[in-house]
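Only one structure is covered here, and it is reproduced in the block below.
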Amino acid sequence: MLAAYISHPDCAKHDMGDHHPECPDRVRVVHDHLLAKGLLDCMEMLDAPLATQEQLARAHRTSYLDEFAEIAQQVAPGTRRQIDPDTSINEFSYQAALRAAGAVVLASDLVASGRNQVAFCNIRPPGHHAERSNAGGFCFFNNVVVGIRHVLANYPIERIALIDFDVHHGNGSEDILFNDEQILMCSTFEKNLYPFCGDVPMGRNMINVALAPRSGGDAFRAAIKDFWLPALTRFQPQMIFISAGFDAHREDDLSTLQLVEADYLWATRQINQVAAKSAQGRIVSVLEGGYALPALARSVAAHVASLIGE
Ligand SMILES: [Zn+2]
């Protein structure tokens with residue numbers, strides 16, 4: 001049973017301008033490095049479909065979806081429209097956002113149906129800052145939540161864990177999923193960083209661990225061992241989704257946590273072990289942040305290698 005790798009050329013057409021860290025090259029360097037490492041030889045490569053409005057509406061208010069679609073349609077070729085101080089759209093962004101969410105829907109189908117045990121979505125724009133009714137933080141649709149809700153609506157799966165190790169707190173996922181008893185969300189993030197929340201979880205189903213700046217891999221691993229793993233063992237997830245952001249890497253200018261590839265490898269191994277125990281190994285991993293391109297490529301390779309058992 002090959003692992004699935006899902007991406008789409010449209011994801012590189014969304015462009016927020018020169019010098020923006022969330023740049024089109026992110027998906028290209030990840031793809032190239034996985035190819036160079038031989039990891040794509042071990043994976044089934046698939047193109048992302050477009051997410052449907054019905055699929056998106058499981059995570060977002062229809063008023064937000066309608067408004068975003070309307071704004072996106074008004075963007076003239078060669079121009080950009082600012083959505084928040086850090087986030088803008090060009091003429092291709094809407095299509096890219098539909099592909100990113102669609103990739104996770106396809107990954108969810110492949111893994112929930114048992115056709116593939118694990119899937120990795122190399123996509124942008126990322127999603128975990130997108131709230132039920134708000135874009136922001138480089139995100140428009142909450143890709144991972146769209147996938148989770150798709151599984152709950154279509155498969156006999158009742159408990160899903162969402163693991164988020166991006167250096168920024170997944171406030172969008174928390175906004176949509178808090179107090180949803182079918183979900184356990186486990187998050188680590190750097191304290192006092194965008195979106196400046198998460199220290200106090202919004203719901204009973206949230207395990208939020210705020211890590212002190214410059215605390216390093218030991219603190220990250222301790223958070224997983226002391227907080228995530230006991231909660232995951234109690235919850236017994238039947239499927240696991242990962243908001244896989246690699247911007248806590250020590251080469252990444254957006255944070256100071258100082259993680260390295262070995263930390264992502266180790267974390268992925270822990271997640272694999274949880275998945276093996278209660279979830280028949282079923283994992284869907286979705287790219288979120290990661291802005292130092294060489295470090296992003298190496299970190300994704302370490303994560304994917306561990307995910308597929310290489
Ligand atoms: Zn991030």
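Naming scheme: A, B, ... for chains in displayed order of the structure tokens; residues 1 onward per chain; ligands 1 onward as shown.
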
| query | Taking only C-alpha atoms and all ligand atoms into account, which residues are within 12 Å of ligand 1, as a PyMOL selection string? | reply | chain A and resi 21-22+125-129+136-139+164-172+187-190+193-195+243-249+252-257+287-292+296

| query | If we count only C-alpha atoms, what is near Val284 in chain A at a cut-off of 10 Å, once residues fewer than 6 positions away on the same chain are taken out, given as a PyMOL selection string? | reply | chain A and resi 3-4+104-105+107-112+116-121+144+147-148+162+239-244+307

The selected residues should be written to file as a tab-separated table (two decimals), in the first residue's frame (atoms: N, CA, C and O atoms).
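Now in again_13.tsv:
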chain	number	residue	atom	x	y	z
A	3	ALA	N	2.19	5.08	-0.03
A	3	ALA	CA	1.73	6.35	0.54
A	3	ALA	C	1.33	7.27	-0.61
A	3	ALA	O	1.84	7.14	-1.72
A	4	ALA	N	0.44	8.18	-0.34
A	4	ALA	CA	0.00	9.13	-1.37
A	4	ALA	C	0.70	10.48	-1.19
A	4	ALA	O	0.96	10.92	-0.06
A	104	VAL	N	-6.53	17.97	0.50
A	104	VAL	CA	-6.73	17.31	1.79
A	104	VAL	C	-8.01	16.45	1.75
A	104	VAL	O	-8.06	15.39	2.37
A	105	VAL	N	-9.00	16.88	1.00
A	105	VAL	CA	-10.20	16.05	0.83
A	105	VAL	C	-9.82	14.73	0.13
A	105	VAL	O	-10.22	13.64	0.57
A	107	ALA	N	-6.82	13.33	-0.01
A	107	ALA	CA	-6.00	12.57	0.94
A	107	ALA	C	-6.87	11.87	1.98
A	107	ALA	O	-6.65	10.70	2.33
A	108	SER	N	-7.89	12.58	2.44
A	108	SER	CA	-8.80	12.02	3.45
A	108	SER	C	-9.54	10.81	2.91
A	108	SER	O	-9.68	9.79	3.59
A	109	ASP	N	-10.01	10.92	1.66
A	109	ASP	CA	-10.70	9.78	1.03
A	109	ASP	C	-9.76	8.58	0.89
A	109	ASP	O	-10.14	7.45	1.19
A	110	LEU	N	-8.55	8.84	0.41
A	110	LEU	CA	-7.61	7.75	0.16
A	110	LEU	C	-7.26	7.01	1.45
A	110	LEU	O	-7.18	5.78	1.47
A	111	VAL	N	-7.07	7.77	2.52
A	111	VAL	CA	-6.63	7.16	3.77
A	111	VAL	C	-7.82	6.57	4.55
A	111	VAL	O	-7.75	5.45	5.05
A	112	ALA	N	-8.93	7.29	4.60
A	112	ALA	CA	-10.10	6.78	5.34
A	112	ALA	C	-10.66	5.52	4.69
A	112	ALA	O	-11.17	4.63	5.36
A	116	ASN	N	-4.83	4.04	0.78
A	116	ASN	CA	-3.47	4.39	1.18
A	116	ASN	C	-3.43	4.52	2.70
A	116	ASN	O	-4.39	5.00	3.31
A	117	GLN	N	-2.32	4.11	3.30
A	117	GLN	CA	-2.27	4.20	4.76
A	117	GLN	C	-1.96	5.63	5.20
A	117	GLN	O	-2.52	6.12	6.18
A	118	VAL	N	-1.06	6.29	4.47
A	118	VAL	CA	-0.71	7.67	4.83
A	118	VAL	C	-0.71	8.53	3.57
A	118	VAL	O	-0.55	8.01	2.45
A	119	ALA	N	-0.86	9.84	3.76
A	119	ALA	CA	-0.81	10.78	2.64
A	119	ALA	C	-0.14	12.06	3.09
A	119	ALA	O	-0.32	12.49	4.24
A	120	PHE	N	0.64	12.66	2.19
A	120	PHE	CA	1.23	13.97	2.46
A	120	PHE	C	0.76	14.94	1.39
A	120	PHE	O	0.85	14.65	0.19
A	121	CYS	N	0.26	16.10	1.82
A	121	CYS	CA	-0.22	17.13	0.89
A	121	CYS	C	0.80	18.26	0.84
A	121	CYS	O	0.98	19.01	1.81
A	144	VAL	N	-6.93	21.55	6.60
A	144	VAL	CA	-6.91	20.34	7.42
A	144	VAL	C	-8.29	20.10	8.07
A	144	VAL	O	-8.75	18.96	8.16
A	147	GLY	N	-10.69	18.61	5.60
A	147	GLY	CA	-10.45	17.16	5.47
A	147	GLY	C	-11.03	16.37	6.63
A	147	GLY	O	-11.69	15.34	6.44
A	148	ILE	N	-10.81	16.87	7.83
A	148	ILE	CA	-11.32	16.17	9.03
A	148	ILE	C	-12.84	16.06	8.98
A	148	ILE	O	-13.42	14.99	9.20
A	162	LEU	N	-6.04	15.95	15.69
A	162	LEU	CA	-5.33	16.93	14.87
A	162	LEU	C	-4.09	17.36	15.63
A	162	LEU	O	-4.19	17.87	16.74
A	239	MET	N	-8.05	8.09	13.42
A	239	MET	CA	-7.33	8.65	12.29
A	239	MET	C	-6.62	9.90	12.80
A	239	MET	O	-7.12	10.56	13.72
A	240	ILE	N	-5.47	10.22	12.20
A	240	ILE	CA	-4.70	11.39	12.66
A	240	ILE	C	-4.42	12.32	11.49
A	240	ILE	O	-4.03	11.87	10.40
A	241	PHE	N	-4.65	13.60	11.71
A	241	PHE	CA	-4.27	14.64	10.76
A	241	PHE	C	-3.13	15.45	11.38
A	241	PHE	O	-3.12	15.68	12.59
A	242	ILE	N	-2.20	15.88	10.53
A	242	ILE	CA	-1.09	16.71	11.01
A	242	ILE	C	-1.09	18.04	10.27
A	242	ILE	O	-1.08	18.06	9.03
A	243	SER	N	-1.13	19.14	11.03
A	243	SER	CA	-0.83	20.46	10.48
A	243	SER	C	0.68	20.59	10.57
A	243	SER	O	1.24	20.93	11.61
A	244	ALA	N	1.35	20.23	9.46
A	244	ALA	CA	2.81	20.08	9.47
A	244	ALA	C	3.46	21.39	9.01
A	244	ALA	O	3.65	21.62	7.82
A	307	LEU	N	7.21	9.24	8.08
A	307	LEU	CA	5.79	8.95	7.85
A	307	LEU	C	5.61	7.65	7.06
A	307	LEU	O	4.72	6.85	7.35

| message | Report, in Å to a single decimal, how far apart CA of Asp66 in chain A and CA of Arg99 in chain A are. | response | 17.2 Å

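Among the candidates A:Ala161, A:Ala76, A:Ala96, A:Ala36, the one nearest to Asp15 in chain A when counting only C-alpha atoms is A:Ala96.
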
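Separating CA of Ser133 in chain A from CA of Cys197 in chain A is a distance of 17.3 Å.
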
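One finds CA of Ile163 in chain A at 11.6 Å from CA of Ala231 in chain A.
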
| range 11-214 of chain A: which residues are strand (DSSP E or B) by DSSP, as a PyMOL selection string? | chain A and resi 43-47+81-84+87-89+118-121+136+139+160-164+183-190+206-211

For the residues in the current selection, export N, CA, C and O atoms as a short mmCIF file (atom, residue, chain, number, x, y, z; two decimals), in the first residue's frame.
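Writing done, so here's selection03.cif:
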data_model
loop_
_atom_site.label_atom_id
_atom_site.label_comp_id
_atom_site.auth_asym_id
_atom_site.auth_seq_id
_atom_site.Cartn_x
_atom_site.Cartn_y
_atom_site.Cartn_z
N MET A 43 6.02 6.78 -3.38
CA MET A 43 4.69 7.35 -3.13
C MET A 43 3.88 7.42 -4.43
O MET A 43 4.45 7.56 -5.52
N GLU A 44 2.57 7.32 -4.27
CA GLU A 44 1.67 7.49 -5.41
C GLU A 44 1.40 8.98 -5.57
O GLU A 44 0.88 9.63 -4.65
N MET A 45 1.77 9.55 -6.73
CA MET A 45 1.64 11.00 -6.92
C MET A 45 0.31 11.33 -7.59
O MET A 45 0.00 10.79 -8.65
N LEU A 46 -0.44 12.24 -6.96
CA LEU A 46 -1.77 12.58 -7.48
C LEU A 46 -1.96 14.09 -7.52
O LEU A 46 -1.42 14.82 -6.68
N ASP A 47 -2.75 14.54 -8.49
CA ASP A 47 -3.10 15.96 -8.59
C ASP A 47 -4.28 16.27 -7.67
O ASP A 47 -5.25 15.51 -7.62
N ARG A 81 -4.89 42.05 -4.14
CA ARG A 81 -5.79 42.70 -3.19
C ARG A 81 -5.41 42.24 -1.78
O ARG A 81 -5.28 41.04 -1.53
N GLN A 82 -5.25 43.20 -0.89
CA GLN A 82 -4.83 42.91 0.48
C GLN A 82 -6.02 42.39 1.29
O GLN A 82 -7.10 42.98 1.26
N ILE A 83 -5.83 41.26 2.00
CA ILE A 83 -6.90 40.70 2.83
C ILE A 83 -6.66 41.05 4.30
O ILE A 83 -7.59 41.35 5.03
N ASP A 84 -5.41 40.97 4.74
CA ASP A 84 -5.01 41.51 6.04
C ASP A 84 -3.58 42.03 5.86
O ASP A 84 -3.04 41.93 4.76
N THR A 87 -1.46 39.28 4.31
CA THR A 87 -2.08 38.29 3.44
C THR A 87 -2.78 38.99 2.27
O THR A 87 -3.60 39.89 2.50
N SER A 88 -2.46 38.56 1.05
CA SER A 88 -3.11 39.17 -0.12
C SER A 88 -3.42 38.09 -1.15
O SER A 88 -2.97 36.95 -1.03
N ILE A 89 -4.21 38.45 -2.14
CA ILE A 89 -4.56 37.49 -3.19
C ILE A 89 -4.27 38.09 -4.57
O ILE A 89 -4.40 39.29 -4.77
N VAL A 118 -1.06 6.29 4.47
CA VAL A 118 -0.71 7.67 4.83
C VAL A 118 -0.71 8.53 3.57
O VAL A 118 -0.55 8.01 2.45
N ALA A 119 -0.86 9.84 3.76
CA ALA A 119 -0.81 10.78 2.64
C ALA A 119 -0.14 12.06 3.09
O ALA A 119 -0.32 12.49 4.24
N PHE A 120 0.64 12.66 2.19
CA PHE A 120 1.23 13.97 2.46
C PHE A 120 0.76 14.94 1.39
O PHE A 120 0.85 14.65 0.19
N CYS A 121 0.26 16.10 1.82
CA CYS A 121 -0.22 17.13 0.89
C CYS A 121 0.80 18.26 0.84
O CYS A 121 0.98 19.01 1.81
N GLY A 136 -6.60 35.00 7.14
CA GLY A 136 -5.55 35.72 7.86
C GLY A 136 -4.32 34.86 8.01
O GLY A 136 -4.37 33.64 7.83
N CYS A 139 -3.52 32.48 5.29
CA CYS A 139 -4.47 31.36 5.12
C CYS A 139 -5.86 31.85 4.68
O CYS A 139 -6.32 32.91 5.13
N ILE A 160 -11.02 11.74 15.74
CA ILE A 160 -9.87 12.15 14.93
C ILE A 160 -8.98 13.07 15.75
O ILE A 160 -9.48 14.00 16.40
N ALA A 161 -7.68 12.82 15.72
CA ALA A 161 -6.73 13.73 16.38
C ALA A 161 -6.13 14.67 15.33
O ALA A 161 -5.78 14.24 14.23
N LEU A 162 -6.04 15.95 15.69
CA LEU A 162 -5.33 16.93 14.87
C LEU A 162 -4.09 17.36 15.63
O LEU A 162 -4.19 17.87 16.74
N ILE A 163 -2.95 17.11 15.03
CA ILE A 163 -1.67 17.45 15.66
C ILE A 163 -1.05 18.60 14.88
O ILE A 163 -0.92 18.53 13.65
N ASP A 164 -0.69 19.68 15.57
CA ASP A 164 -0.22 20.90 14.91
C ASP A 164 1.11 21.30 15.53
O ASP A 164 1.15 21.79 16.66
N ILE A 183 -13.09 15.46 18.09
CA ILE A 183 -11.73 15.89 17.74
C ILE A 183 -10.90 16.11 19.00
O ILE A 183 -11.38 16.71 19.96
N LEU A 184 -9.66 15.66 18.99
CA LEU A 184 -8.67 16.11 19.97
C LEU A 184 -7.61 16.88 19.21
O LEU A 184 -7.01 16.35 18.27
N MET A 185 -7.39 18.14 19.59
CA MET A 185 -6.36 18.95 18.92
C MET A 185 -5.18 19.12 19.86
O MET A 185 -5.33 19.60 20.98
N CYS A 186 -3.99 18.71 19.40
CA CYS A 186 -2.76 18.85 20.17
C CYS A 186 -1.86 19.83 19.45
O CYS A 186 -1.53 19.62 18.28
N SER A 187 -1.46 20.90 20.13
CA SER A 187 -0.70 21.96 19.48
C SER A 187 0.51 22.36 20.32
O SER A 187 0.40 22.49 21.54
N THR A 188 1.65 22.53 19.68
CA THR A 188 2.78 23.24 20.28
C THR A 188 3.03 24.48 19.44
O THR A 188 2.82 24.45 18.23
N PHE A 189 3.46 25.54 20.09
CA PHE A 189 3.73 26.78 19.36
C PHE A 189 4.62 27.67 20.22
O PHE A 189 4.75 27.44 21.43
N GLU A 190 5.22 28.68 19.58
CA GLU A 190 6.09 29.59 20.33
C GLU A 190 5.26 30.70 20.97
O GLU A 190 4.42 31.32 20.32
N MET A 206 -8.77 20.62 23.55
CA MET A 206 -7.54 21.25 23.05
C MET A 206 -6.40 21.05 24.04
O MET A 206 -6.57 21.37 25.23
N ILE A 207 -5.28 20.54 23.55
CA ILE A 207 -4.07 20.46 24.38
C ILE A 207 -3.08 21.43 23.76
O ILE A 207 -2.43 21.13 22.76
N ASN A 208 -3.00 22.63 24.34
CA ASN A 208 -2.13 23.68 23.80
C ASN A 208 -0.89 23.80 24.67
O ASN A 208 -1.01 24.01 25.88
N VAL A 209 0.28 23.69 24.07
CA VAL A 209 1.52 23.86 24.83
C VAL A 209 2.30 25.02 24.23
O VAL A 209 2.83 24.91 23.11
N ALA A 210 2.35 26.13 24.97
CA ALA A 210 3.11 27.30 24.53
C ALA A 210 4.56 27.13 24.98
O ALA A 210 4.83 26.93 26.16
N LEU A 211 5.48 27.17 24.02
CA LEU A 211 6.90 26.97 24.33
C LEU A 211 7.61 28.32 24.40
O LEU A 211 7.35 29.21 23.58
#

| field | Pick from A:Tyr155, A:Ala279, A:Gly203, A:Phe92 nearest to Asp175 in chain A, counting only C-alpha atoms | value | A:Gly203

| request: From the DSSP assignment of the backbone, select every residue of range 46-256 of chain A that is alpha helix (DSSP H), and format the answer as a ChimeraX atom specification. | output: /A:53-56,62-73,93-112,143-154,171-177,216-223,229-235

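Shortest separation to Arg132 in chain A among A:Val151, A:Phe196, A:Gly102, A:Ala57 occurs at residue A:Ala57, atoms counted being only C-alpha atoms.
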
| said: List the spatial neighbours of Arg269 in chain A as a ChimeraX atom specification - criterion: any atom at most 10 Å away, only C-alpha atoms, same-chain residues fewer than 6 positions off excluded. | reply: /A:263,275,303,305-307,309

Selected residues written out, N, CA and C atoms, as a CSV table (one decimal), in the first residue's frame:
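The resulting out-v9.csv:
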chain,number,residue,atom,x,y,z
A,263,ASP,N,14.3,16.7,15.2
A,263,ASP,CA,13.2,16.9,16.1
A,263,ASP,C,11.9,16.5,15.3
A,275,ALA,N,-0.7,6.3,15.9
A,275,ALA,CA,-1.5,5.8,14.8
A,275,ALA,C,-1.5,4.3,14.7
A,303,HIS,N,10.4,14.4,7.8
A,303,HIS,CA,9.0,14.1,8.2
A,303,HIS,C,8.4,13.0,7.3
A,305,ALA,N,9.9,10.8,5.3
A,305,ALA,CA,10.6,9.6,5.4
A,305,ALA,C,10.1,8.8,6.6
A,306,SER,N,9.9,9.5,7.7
A,306,SER,CA,9.5,8.8,8.9
A,306,SER,C,8.0,8.4,8.7
A,307,LEU,N,7.2,9.2,8.1
A,307,LEU,CA,5.8,8.9,7.9
A,307,LEU,C,5.6,7.6,7.1
A,309,GLY,N,7.9,5.3,6.7
A,309,GLY,CA,8.7,4.2,7.3
A,309,GLY,C,9.9,3.9,6.5
